[in-house]
Amino acid sequence: MIIVGPSGAGKSTLLKLLTREEKPTSGKIIVGGIDYEQLKDKDVPRLRRRIGVVFQDFKLLPNKNVFENVAFALEIIGISTKEIRHTVPRVLEIVGLKGKEKSMPLELSGGERQRVAIARAIVRQPKILIADEPTGNLDPKHAWDVIRVLEKINRYGTTVLLTTHNQDIVNKLKRRVITIEGGQVVSDHSSGSYKS
Amino acid sequence: MKRKLTTLSRVFLSGTNNFVRNAWLSAAAMAVMIITLTIVLFSVIANATFSYTVQQIRDKIDISVYLKDDVTVTQRDDLSKDLKQIKNVKSVTFISKDQALNNYIEQNKDNIDLQLAINETDNPLPASLDVKVFNPDEIAPIKAYLEKPSVQKLQSDQTSYSGDRKEAIDNIARATTFIRRAGVVGVIVFALISVLIIFNTIQMAIFNRRDELSIMRLLGASKWYIRGPFLVESLLIGVSSAVVSIVFCNAFFSIKPSSLGITSYLIDLNYASAYFGKHFWTIVGTQLLLGLIIGVGSSFVATQRYLRVKHGK
């Protein structure tokens with residue numbers, strides 16, 4: 001599913017509402033049966049662990065290498081070291097970063113960094129993956145690398161929620177497109193296109 | 001249980017990694033901490049040494065009661081017994097006429113004229129009772145006793161605390177009390193300033209990494225999982241700074257002051273070294289504890305600021 005709209009339309013706000021970075025002033029949010037109104041502050045970490053998030057600016061931990069960045073997502077939910085050693089390389093293979101385990105984020109290209117971020121988001125096998133302008137900082141070639149990884153994850157059964165400005169990507173993907181403007185849904189097409 | 005242990009070991013490992021990977025930041029924080037701990041340690045030792053010097057001076061403060069030549073042994077003993085019963089009196093020592101003369105000759109052995117003059121005459125010096133007190137500030141009861149007419153008539157001269165000497169005793173007493181208090185205040189002020197500096201350094205270090213904190217939060221890490229490694233890192237900074245500070249001080253106090261040609265009348269360096277040696281393990285324990293408390297405390301407060309906000313960036 002792709003969410004499109006001009007700058008300031010509310011795309012990022014919508015995603016922030018889903019990760020509970022922001023609270024709604026009105027209305028109701030229910031994700032996977034969890035009613036956000038009932039959610040206490042102390043339950044927020046647990047909610048965030050169930051949703052994978054990929055950010056435009058990657059948000060990798062600068063002091064950790066590729067392996068550790070991905071492993072961190074598993075460490076915080078108490079997965080055993082043995083399982084982490086088994087899972088992380090497999091996920092890095094999915095995103096095409098095999099052999100880069102020891103690299104530090106600063107040594108990677110933008111596309112590679114974004115793929116580390118995706119690996120980190122999917123390693124916990126979330127039902128939903130939120131990608132907020134994941135290609136915003138990337139050149140077209142790297143952007144498509146990232147989109148292909150997202151498509152692959154989607155095929156494995158994860159709902160991918162993607163916001164983007166990139167007309168080319170939206171039109172070629174041929175997925176459900178929701179357009180928002182001024183905080184309102186103005187169109188919702190199952191195989192939509194987008195003209196900026 | 002096993003999961004908790006895994007989490008704990010991860011927090012420790014991550015903190016140790018951060019300590020090593022942020023080597024420059026750790027070094028900067030350590031430098032401030034080492035200076036802090038060393039200053040505090042030196043202030044404490046200087047204060048102890050000064051108190052000791054002051055005590056030495058105070059111990060030399062005594063009251064001489066000069067006795068007439070015709071005072072009998074019984075009268076003398078009664079006087080001595082009565083004086084000993086006064087609360088503030090530490091000891092009463094009798095100094096005979098001969099002893100007084102010997103002391104006088106000893107004190108003026110370089111003055112040949114004076115020696116010759118003494119030999120010409122009979123012993124002019126009176127016998128005396130040398131009274132040492134616990135607290136030179138409270139000699140009023142002793143004075144009151146010695147001024148009683150029955151006691152007064154046994155004395156040949158004015159008791160030596162009166163006049164200039166009394167004033168000198170009072171001055172020393174007042175000065176030492178003041179200097180001791182000033183020393184304690186100085187140590188506290190130094191410690192506080194140093195704590196503020198180190199607190200600021202650690203806060204800046206964490207401020208630099210506030211993005212890291214927010215990323216961890218976005219990934220769903222719990223408060224303690226985020227804070228833990230920072231606390232471990234500051235703990236390492238605190239403990240290693242304490243160790244360096246102690247090694248430095250140990251080296252300093254191992255040097256014999258005489259070999260440096262340093263002589264100080266105000267601070268007895270030999271005593272300072274002895275004090276350091278005697279209290280070595282207490283000092284080690286205190287330094288470690290201080291480093292730990294300052295380090296962990298600062299990073300606890302500093303991380304609190306960035307963990308408090310639960311929504312928004």
# chains A, B, ... in the order shown; residues from 1 in each chain; ligands from 1

$ closest_atom_pairs --of "chain A" --to "chain B" --cutoff "7 Å" --atoms "only C-alpha atoms" --output "Markdown table"
| residue | atom | partner | partner_atom | distance |
| --- | --- | --- | --- | --- |
| A:Arg20 | CA | B:His311 | CA | 6.8 |
| A:Glu21 | CA | B:His311 | CA | 4.5 |
| A:Glu22 | CA | B:His311 | CA | 5.6 |
| A:Pro45 | CA | B:Gly220 | CA | 3.9 |
| A:Arg46 | CA | B:Gly220 | CA | 6.2 |
| A:Arg48 | CA | B:Gly220 | CA | 4.9 |
| A:Arg49 | CA | B:Gly220 | CA | 5.1 |
| A:Lys59 | CA | B:Ile215 | CA | 6.2 |
| A:Leu61 | CA | B:Glu212 | CA | 5.9 |
| A:Ala73 | CA | B:Leu219 | CA | 6.7 |
| A:Ile76 | CA | B:Ala221 | CA | 5.5 |
| A:Gly78 | CA | B:Arg3 | CA | 6.0 |

$ write_last_selection --atoms "C-alpha atoms" --output "short mmCIF file (atom, residue, chain, number, x, y, z; two decimals), in the first residue's frame"
data_model
loop_
_atom_site.label_atom_id
_atom_site.label_comp_id
_atom_site.auth_asym_id
_atom_site.auth_seq_id
_atom_site.Cartn_x
_atom_site.Cartn_y
_atom_site.Cartn_z
CA ARG A 20 2.73 6.27 18.59
CA GLU A 21 5.34 8.97 18.16
CA GLU A 22 2.36 11.26 18.19
CA PRO A 45 7.91 -0.11 23.61
CA ARG A 46 6.02 -3.38 23.17
CA ARG A 48 6.85 -0.55 18.58
CA ARG A 49 8.45 -3.96 18.67
CA LYS A 59 18.30 6.12 11.86
CA LEU A 61 23.01 3.43 15.49
CA ALA A 73 16.22 -5.14 17.30
CA ILE A 76 15.83 -5.70 23.06
CA GLY A 78 15.43 -10.85 24.68
#

$ residues_around --residues "Lys64 in chain A" --least-positions-apart "5" --cutoff "8 Å" --atoms "only C-alpha atoms" --output "list in words"
Asn69, Met104 and Pro105 of chain A

$ closest_residue --among "A:Leu39, A:Ala119, A:Leu74, A:Ile51" --to "Arg90 in chain A" --atoms "only C-alpha atoms"
A:Ala119

$ residues_around --residues "range 141-150 of chain B" --least-positions-apart "2" --cutoff "10 Å" --atoms "only C-alpha atoms" --output "ChimeraX atom specification"
/B:63,65,79,82-84,86-89,131,133,138-139,152-155,158-159,161-162

$ write_last_selection --atoms "C-alpha atoms" --output "mmCIF file, in the first residue's frame"
data_model
loop_
_atom_site.group_PDB
_atom_site.id
_atom_site.type_symbol
_atom_site.label_atom_id
_atom_site.label_comp_id
_atom_site.auth_asym_id
_atom_site.auth_seq_id
_atom_site.Cartn_x
_atom_site.Cartn_y
_atom_site.Cartn_z
ATOM 1 C CA ILE B 63 50.149 27.081 81.557
ATOM 2 C CA VAL B 65 52.262 28.076 87.584
ATOM 3 C CA LEU B 79 47.850 22.065 94.345
ATOM 4 C CA ASP B 82 43.341 20.090 92.734
ATOM 5 C CA LEU B 83 44.429 21.190 89.286
ATOM 6 C CA LYS B 84 44.092 17.656 87.924
ATOM 7 C CA ILE B 86 39.575 20.467 86.799
ATOM 8 C CA LYS B 87 37.869 18.975 83.712
ATOM 9 C CA ASN B 88 39.961 20.616 80.996
ATOM 10 C CA VAL B 89 43.330 19.682 82.545
ATOM 11 C CA VAL B 131 49.706 22.432 83.182
ATOM 12 C CA VAL B 133 45.030 21.414 78.744
ATOM 13 C CA GLU B 138 38.392 26.900 77.907
ATOM 14 C CA ILE B 139 40.970 27.869 80.487
ATOM 15 C CA GLN B 152 47.625 32.890 94.886
ATOM 16 C CA LYS B 153 49.825 33.109 97.975
ATOM 17 C CA LEU B 154 51.801 30.012 96.917
ATOM 18 C CA GLN B 155 52.757 31.581 93.601
ATOM 19 C CA GLN B 158 51.989 35.937 87.714
ATOM 20 C CA THR B 159 50.840 32.735 86.047
ATOM 21 C CA TYR B 161 48.994 32.638 80.663
ATOM 22 C CA SER B 162 48.333 36.191 81.702
#

$ residues_around --residues "Ala29 in chain B" --least-positions-apart "3" --cutoff "12 Å" --atoms "only C-alpha atoms" --output "VMD selection string"
chain B and resid 19 22 to 26 32 to 36 194 to 195 197 to 206 233 to 241 291 294 to 295 298 to 299

$ atom_distance --atom1 "CA of Val116 in chain A" --atom2 "CA of Leu138 in chain A"
13.9 Å

$ atom_distance --atom1 "CA of Ser254 in chain B" --atom2 "CA of Ser273 in chain B"
7.1 Å

$ select_by_dssp --residues "chain A" --states "helix (DSSP H, G or I)" --output "CSV table (one decimal) with C-alpha atoms, in the first residue's frame"
chain,number,residue,atom,x,y,z
A,11,LYS,CA,1.7,11.4,5.3
A,12,SER,CA,4.5,11.3,7.9
A,13,THR,CA,2.0,12.3,10.7
A,14,LEU,CA,-0.1,9.3,9.8
A,15,LEU,CA,2.9,7.0,10.2
A,16,LYS,CA,3.9,8.7,13.4
A,17,LEU,CA,0.4,8.1,14.7
A,18,LEU,CA,0.9,4.4,13.9
A,36,TYR,CA,-4.3,2.9,20.8
A,37,GLU,CA,-6.7,4.7,23.2
A,38,GLN,CA,-6.3,1.9,25.7
A,41,ASP,CA,2.9,4.8,28.0
A,42,LYS,CA,4.7,1.8,29.4
A,43,ASP,CA,3.2,-0.4,26.6
A,44,VAL,CA,4.6,1.8,23.9
A,45,PRO,CA,7.9,-0.1,23.6
A,46,ARG,CA,6.0,-3.4,23.2
A,47,LEU,CA,3.8,-1.9,20.4
A,48,ARG,CA,6.9,-0.6,18.6
A,49,ARG,CA,8.4,-4.0,18.7
A,50,ARG,CA,5.5,-5.3,16.7
A,66,VAL,CA,25.8,-3.6,10.4
A,67,PHE,CA,25.4,-6.9,12.3
A,68,GLU,CA,24.9,-5.2,15.6
A,69,ASN,CA,22.4,-2.7,14.3
A,70,VAL,CA,20.2,-5.5,13.0
A,71,ALA,CA,20.9,-7.7,16.1
A,72,PHE,CA,19.9,-4.8,18.4
A,73,ALA,CA,16.2,-5.1,17.3
A,74,LEU,CA,16.3,-8.7,18.5
A,75,GLU,CA,18.4,-8.1,21.6
A,81,THR,CA,22.5,-14.9,21.2
A,82,LYS,CA,22.4,-18.3,19.4
A,83,GLU,CA,19.2,-17.4,17.6
A,84,ILE,CA,20.5,-13.9,16.7
A,85,ARG,CA,23.6,-15.4,15.1
A,86,HIS,CA,21.4,-17.6,13.1
A,87,THR,CA,18.7,-15.1,12.1
A,88,VAL,CA,20.7,-11.9,11.3
A,89,PRO,CA,22.8,-13.3,8.5
A,90,ARG,CA,19.7,-14.7,6.8
A,91,VAL,CA,18.0,-11.3,6.9
A,92,LEU,CA,21.1,-9.5,5.7
A,93,GLU,CA,21.1,-11.9,2.8
A,94,ILE,CA,17.5,-11.0,1.9
A,105,PRO,CA,27.1,2.7,9.0
A,106,LEU,CA,29.4,5.6,7.9
A,107,GLU,CA,31.3,3.2,5.6
A,110,GLY,CA,22.9,5.5,1.2
A,111,GLY,CA,21.2,2.6,-0.4
A,112,GLU,CA,23.2,0.1,1.7
A,113,ARG,CA,22.3,2.0,4.9
A,114,GLN,CA,18.7,2.0,4.0
A,115,ARG,CA,18.8,-1.8,3.4
A,116,VAL,CA,20.4,-2.2,6.8
A,117,ALA,CA,17.5,-0.2,8.2
A,118,ILE,CA,15.1,-2.5,6.4
A,119,ALA,CA,16.8,-5.6,7.6
A,120,ARG,CA,16.5,-4.2,11.1
A,121,ALA,CA,12.8,-3.5,10.6
A,122,ILE,CA,12.0,-7.0,9.3
A,140,PRO,CA,17.2,6.3,-8.7
A,141,LYS,CA,19.3,3.1,-8.9
A,142,HIS,CA,19.6,2.7,-5.1
A,143,ALA,CA,16.0,3.8,-4.7
A,144,TRP,CA,14.9,0.8,-6.9
A,145,ASP,CA,17.2,-1.6,-5.0
A,146,VAL,CA,15.3,-0.6,-1.8
A,147,ILE,CA,11.9,-0.8,-3.5
A,148,ARG,CA,12.7,-4.3,-4.8
A,149,VAL,CA,13.6,-5.4,-1.3
A,150,LEU,CA,10.3,-4.0,0.0
A,151,GLU,CA,8.4,-5.9,-2.7
A,152,LYS,CA,10.2,-9.1,-1.7
A,153,ILE,CA,9.2,-8.6,1.9
A,154,ASN,CA,5.6,-7.9,0.8
A,155,ARG,CA,5.6,-11.2,-1.1
A,167,GLN,CA,6.0,9.3,-9.2
A,168,ASP,CA,8.0,6.7,-11.2
A,169,ILE,CA,7.9,4.2,-8.3
A,170,VAL,CA,4.2,4.6,-7.6
A,171,ASN,CA,3.3,4.2,-11.2
A,172,LYS,CA,5.5,1.2,-11.8
A,173,LEU,CA,4.5,-0.7,-8.7

$ closest_residue --among "B:Asn119, B:Asn135, B:Thr49, B:Gln85" --to "Ile172 in chain B" --atoms "only C-alpha atoms"
B:Asn135

$ atom_distance --atom1 "CA of Gly10 in chain A" --atom2 "CA of Lys40 in chain A"
24.5 Å

$ residues_around --residues "Thr121 in chain B" --least-positions-apart "6" --cutoff "12 Å" --atoms "only C-alpha atoms" --output "VMD selection string"
chain B and resid 101 114 to 115
